[in-house]
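Data file: model-v5.pdb. Format and content: PDB, C-alpha atoms and all ligand atoms.
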```
ATOM      1  CA  MET A  68    -127.197 102.330  -8.896  1.00  0.00           C
ATOM      2  CA  ALA A  69    -125.782 100.246 -11.659  1.00  0.00           C
ATOM      3  CA  THR A  70    -123.434  97.554 -12.807  1.00  0.00           C
ATOM      4  CA  ILE A  71    -120.566  99.005 -14.814  1.00  0.00           C
ATOM      5  CA  VAL A  72    -118.807  96.775 -17.321  1.00  0.00           C
ATOM      6  CA  GLU A  73    -115.685  97.200 -19.414  1.00  0.00           C
ATOM      7  CA  ILE A  74    -115.515  95.925 -22.970  1.00  0.00           C
ATOM      8  CA  ILE A  75    -112.303  93.896 -22.803  1.00  0.00           C
ATOM      9  CA  GLN A  76    -111.084  94.642 -26.326  1.00  0.00           C
ATOM     10  CA  THR A  77    -111.624  98.414 -26.343  1.00  0.00           C
ATOM     11  CA  LYS A  78    -111.501  99.246 -22.597  1.00  0.00           C
ATOM     12  CA  GLU A  79    -114.720 101.263 -23.077  1.00  0.00           C
ATOM     13  CA  ARG A  80    -117.130 101.378 -20.155  1.00  0.00           C
ATOM     14  CA  ALA A  81    -120.846 100.797 -20.306  1.00  0.00           C
ATOM     15  CA  VAL A  82    -123.805 100.109 -18.053  1.00  0.00           C
ATOM     16  CA  LEU A  83    -125.058  96.541 -17.923  1.00  0.00           C
ATOM     17  CA  ILE A  84    -128.810  96.606 -18.350  1.00  0.00           C
ATOM     18  CA  GLY A  85    -129.707  92.987 -18.978  1.00  0.00           C
ATOM     19  CA  SER A  86    -128.738  89.524 -20.086  1.00  0.00           C
ATOM     20  CA  GLY A  87    -130.033  87.175 -22.710  1.00  0.00           C
ATOM     21  CA  PHE A  88    -129.658  83.877 -24.408  1.00  0.00           C
ATOM     22  CA  GLY A  89    -129.535  83.922 -28.198  1.00  0.00           C
ATOM     23  CA  ALA A  90    -129.909  80.892 -30.458  1.00  0.00           C
ATOM     24  CA  TRP A  91    -128.131  80.836 -33.779  1.00  0.00           C
ATOM     25  CA  ALA A  92    -128.197  78.520 -36.776  1.00  0.00           C
ATOM     26  CA  ALA A  93    -126.092  78.344 -39.912  1.00  0.00           C
ATOM     27  CA  GLU A  94    -126.213  76.213 -43.014  1.00  0.00           C
ATOM     28  CA  ARG A  95    -123.736  75.714 -45.847  1.00  0.00           C
ATOM     29  CA  PRO A  96    -123.723  73.385 -48.855  1.00  0.00           C
ATOM     30  CA  SER A  97    -122.000  70.034 -48.316  1.00  0.00           C
ATOM     31  CA  LEU A  98    -118.979  69.033 -50.394  1.00  0.00           C
ATOM     32  CA  TRP A  99    -120.674  66.198 -52.363  1.00  0.00           C
ATOM     33  CA  TRP A 100    -124.395  66.923 -52.312  1.00  0.00           C
ATOM     34  CA  GLY A 101    -124.415  70.712 -52.236  1.00  0.00           C
ATOM     35  CA  ASN A 102    -127.738  72.105 -51.089  1.00  0.00           C
ATOM     36  CA  LEU A 103    -129.390  68.656 -51.200  1.00  0.00           C
ATOM     37  CA  ASP A 104    -127.651  67.714 -47.955  1.00  0.00           C
ATOM     38  CA  PRO A 105    -126.389  70.948 -46.388  1.00  0.00           C
ATOM     39  CA  HIS A 106    -124.102  71.032 -43.391  1.00  0.00           C
ATOM     40  CA  LYS A 107    -126.079  72.492 -40.492  1.00  0.00           C
ATOM     41  CA  GLU A 108    -124.734  74.002 -37.300  1.00  0.00           C
ATOM     42  CA  ASN A 109    -126.495  75.604 -34.388  1.00  0.00           C
ATOM     43  CA  GLY A 110    -125.832  76.723 -30.868  1.00  0.00           C
ATOM     44  CA  PHE A 111    -126.491  79.228 -28.157  1.00  0.00           C
ATOM     45  CA  LEU A 112    -124.802  82.482 -27.347  1.00  0.00           C
ATOM     46  CA  GLU A 113    -124.822  84.079 -23.911  1.00  0.00           C
ATOM     47  CA  THR A 114    -125.222  87.810 -24.407  1.00  0.00           C
ATOM     48  CA  VAL A 115    -125.583  90.938 -22.292  1.00  0.00           C
ATOM     49  CA  ALA A 116    -127.279  94.214 -23.109  1.00  0.00           C
ATOM     50  CA  ILE A 117    -125.147  97.265 -22.435  1.00  0.00           C
ATOM     51  CA  SER A 118    -125.787 100.965 -22.803  1.00  0.00           C
ATOM     52  CA  ASP A 119    -123.496 103.889 -23.536  1.00  0.00           C
ATOM     53  CA  ARG A 120    -123.972 107.384 -22.102  1.00  0.00           C
ATOM     54  CA  SER A 121    -126.367 108.289 -24.925  1.00  0.00           C
ATOM     55  CA  GLY A 122    -128.616 105.382 -24.045  1.00  0.00           C
ATOM     56  CA  ASN A 123    -127.778 103.334 -27.119  1.00  0.00           C
ATOM     57  CA  ILE A 124    -128.279  99.642 -26.350  1.00  0.00           C
ATOM     58  CA  GLN A 125    -126.039  96.968 -27.813  1.00  0.00           C
ATOM     59  CA  TRP A 126    -125.994  93.212 -27.325  1.00  0.00           C
ATOM     60  CA  ILE A 127    -122.541  91.768 -26.814  1.00  0.00           C
ATOM     61  CA  LYS A 128    -121.166  88.318 -25.974  1.00  0.00           C
ATOM     62  CA  SER A 129    -120.883  87.970 -22.204  1.00  0.00           C
ATOM     63  CA  GLN A 130    -117.268  86.763 -22.539  1.00  0.00           C
ATOM     64  CA  ASP A 131    -116.336  90.081 -24.187  1.00  0.00           C
ATOM     65  CA  VAL A 132    -117.092  92.190 -21.110  1.00  0.00           C
ATOM     66  CA  ARG A 133    -116.042  92.152 -17.481  1.00  0.00           C
ATOM     67  CA  VAL A 134    -117.756  93.734 -14.518  1.00  0.00           C
ATOM     68  CA  ILE A 135    -115.851  96.719 -13.115  1.00  0.00           C
ATOM     69  CA  GLU A 136    -118.152  97.917 -10.349  1.00  0.00           C
ATOM     70  CA  ILE A 137    -121.571  97.343  -8.869  1.00  0.00           C
ATOM     71  CA  ASP A 138    -123.515 100.130  -7.160  1.00  0.00           C
ATOM     72  CA  GLY A 139    -120.381 102.272  -6.926  1.00  0.00           C
ATOM     73  CA  ILE A 140    -118.229  99.558  -5.327  1.00  0.00           C
ATOM     74  CA  PRO A 141    -115.266  98.309  -7.395  1.00  0.00           C
ATOM     75  CA  ILE A 142    -115.600  94.570  -7.971  1.00  0.00           C
ATOM     76  CA  SER A 143    -112.001  94.105  -6.703  1.00  0.00           C
ATOM     77  CA  GLN A 144    -113.064  95.373  -3.247  1.00  0.00           C
ATOM     78  CA  MET A 145    -115.917  92.912  -2.867  1.00  0.00           C
ATOM     79  CA  ASP A 146    -115.553  89.842  -0.674  1.00  0.00           C
ATOM     80  CA  ILE A 147    -115.897  87.346  -3.514  1.00  0.00           C
ATOM     81  CA  SER A 148    -113.683  84.587  -4.932  1.00  0.00           C
ATOM     82  CA  ASN A 149    -110.881  85.345  -7.392  1.00  0.00           C
ATOM     83  CA  GLU A 150    -112.071  82.589  -9.707  1.00  0.00           C
ATOM     84  CA  ILE A 151    -115.173  80.467  -9.790  1.00  0.00           C
ATOM     85  CA  SER A 152    -114.157  76.833 -10.115  1.00  0.00           C
ATOM     86  CA  ILE A 153    -117.490  75.049 -10.393  1.00  0.00           C
ATOM     87  CA  PRO A 154    -118.240  73.525 -13.789  1.00  0.00           C
ATOM     88  CA  VAL A 155    -119.866  76.114 -16.011  1.00  0.00           C
ATOM     89  CA  PHE A 156    -123.280  75.552 -17.528  1.00  0.00           C
ATOM     90  CA  LYS A 157    -122.698  74.263 -21.032  1.00  0.00           C
ATOM     91  CA  THR A 158    -125.009  75.117 -23.886  1.00  0.00           C
ATOM     92  CA  GLN A 159    -123.288  73.165 -26.633  1.00  0.00           C
ATOM     93  CA  CYS A 160    -121.358  69.923 -26.995  1.00  0.00           C
ATOM     94  CA  SER A 161    -117.633  70.471 -26.471  1.00  0.00           C
ATOM     95  CA  ARG A 162    -116.827  67.907 -29.196  1.00  0.00           C
ATOM     96  CA  CYS A 163    -119.303  68.461 -32.053  1.00  0.00           C
ATOM     97  CA  LYS A 164    -120.687  71.892 -31.001  1.00  0.00           C
ATOM     98  CA  LYS A 165    -124.304  70.780 -31.355  1.00  0.00           C
ATOM     99  CA  ALA A 166    -126.678  72.652 -29.046  1.00  0.00           C
ATOM    100  CA  LEU A 167    -127.563  70.729 -25.891  1.00  0.00           C
ATOM    101  CA  THR A 168    -131.196  70.628 -24.901  1.00  0.00           C
ATOM    102  CA  THR A 169    -132.030  72.385 -21.645  1.00  0.00           C
ATOM    103  CA  GLY A 170    -130.941  70.420 -18.591  1.00  0.00           C
ATOM    104  CA  ASN A 171    -129.295  67.723 -20.704  1.00  0.00           C
ATOM    105  CA  THR A 172    -125.527  67.147 -20.558  1.00  0.00           C
ATOM    106  CA  THR A 173    -125.408  64.163 -22.930  1.00  0.00           C
ATOM    107  CA  CYS A 174    -125.064  65.158 -26.589  1.00  0.00           C
ATOM    108  CA  SER A 175    -127.843  63.761 -28.771  1.00  0.00           C
ATOM    109  CA  ASN A 176    -125.547  63.956 -31.801  1.00  0.00           C
ATOM    110  CA  CYS A 177    -122.297  62.278 -30.710  1.00  0.00           C
ATOM    111  CA  GLY A 178    -123.208  60.887 -27.280  1.00  0.00           C
ATOM    112  CA  LEU A 179    -120.483  62.742 -25.397  1.00  0.00           C
ATOM    113  CA  GLU A 180    -121.190  63.415 -21.716  1.00  0.00           C
ATOM    114  CA  ASN A 181    -120.424  67.118 -21.465  1.00  0.00           C
TER     115      ASN A 181
HETATM  116 ZN    ZN B   1    -121.625  66.085 -29.518  1.00  0.00          ZN
END
```

Mind turning the file's structure into structure tokens?
Ligand SMILES: [Zn+2]
Amino acid sequence: MATIVEIIQTKERAVLIGSGFGAWAAERPSLWWGNLDPHKENGFLETVAISDRSGNIQWIKSQDVRVIEIDGIPISQMDISNEISIPVFKTQCSRCKKALTTGNTTCSNCGLEN
């Protein structure tokens, strides 16, 4: 039995085979000091591993897929809520986008309580 997902953009179906948490970092030269004081950004990306019928595995952002069915039962027929309203777990500051450390909701960069 499996969890079937649909890729929202293409409507293609795939099997969900796992989930992961990827960290990313980027750096670009600053306007005045160039590479002496580069602008750094980092964050986390929630990803899921999906497989096509040939068994090819791809990692995709979790927001780009939606679950269609689990173990042969369409998700729309399950006795679950239409929307989940609890605050979602945040991995980066909503103001400055700096990655939050695990279990910490206060941004170490700008001080915002996320
Ligand atoms: Zn911040």

Report summary line: Atom pair CA of Ile75 in chain A + CA of Asp131 in chain A, distance 5.7 Å

Using all atoms of range 168-178 of chain A listed in the file and a margin of 3 Å per side, can you give the axis-aligned box centre and edge lengths in Å to one decimal, as AutoDock Vina command-line options?
```
--center_x -127.2 --center_y 66.6 --center_z -25.2 --size_x 15.7 --size_y 17.5 --size_z 19.2
```

Report task. Choose the residue, out of A:Ile117, A:Asn109, A:Leu167, A:Gly101, that has the smallest atom-to-atom separation from Ala69 in chain A; count all atoms listed in the file. Result ->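 Nearest to Ala69 in chain A: A:Ile117.
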
Report task. Within 6 Å of ligand ZN 1 (chain B), which residues show up when you count all atoms listed in the file? List them as a list in words, please. Result ->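 These are the residues that qualify: Cys160, Arg162, Cys163, Lys165, Cys174, Asn176, Cys177, Gly178 and Leu179 of chain A.
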
Report task. Would you be able to write out as a PyMOL selection string which residues have an atom within 12 Å of (-114.5, 100.2, -26.2) in the file's coordinates, counting all atoms listed in the file? Result -> chain A and resi 72-81+117-119+127+131-133

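CA of Asn149 in chain A sits 22.4 Å away from CA of Thr114 in chain A.
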
Report task. Excluding Leu112 in chain A and any residue of its chain fewer than 3 positions from it, enumerate the residues within 8 Å of it, using all atoms listed in the file, and give them as an MDAnalysis selection string. Result -> chainID A and resid 88:91 128

Query - For Gly87 in chain A, the nearest of the candidates A:Gln159, A:Gln125, A:Thr172, A:Thr70, counting all atoms listed in the file - result: A:Gln125

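Atom to atom, CA of Ile137 in chain A and CA of Val115 in chain A stand 15.4 Å apart.
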
Query raised in the report: Exactly which residues make up the result of the PyMOL selection byres (((chain A and resi 84) around 6) and not hetatm) on this file, given as an MDAnalysis selection string?
Result: chainID A and resid 83 85 116:117

Can you write just those residues out, C-alpha atoms, as a PDB file, in the coordinates of the input?
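Okay, result.pdb is ready:
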```pdb
ATOM      1  CA  LEU A  83    -125.058  96.541 -17.923  1.00  0.00           C
ATOM      2  CA  GLY A  85    -129.707  92.987 -18.978  1.00  0.00           C
ATOM      3  CA  ALA A 116    -127.279  94.214 -23.109  1.00  0.00           C
ATOM      4  CA  ILE A 117    -125.147  97.265 -22.435  1.00  0.00           C
TER       5      ILE A 117
END
```

Query raised in the report: the PyMOL selection byres (((chain A and resi 94-96) around 10) and not hetatm) on the file shown: which residues, as a PyMOL selection string?
Result: chain A and resi 92-93+97-109

Report task. Using all atoms listed in the file, find the one residue out of A:Ser86, A:Gly122, A:Ser143, A:Asn171 that sits nearest to Lys157 in chain A. Result ->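 Nearest to Lys157 in chain A: A:Asn171.
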
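Residue nearest Gln130 in chain A within the list A:Glu113, A:Ala166, A:Ser175, A:Asp146: A:Glu113 [criterion: smallest interatomic distance, all atoms listed in the file].
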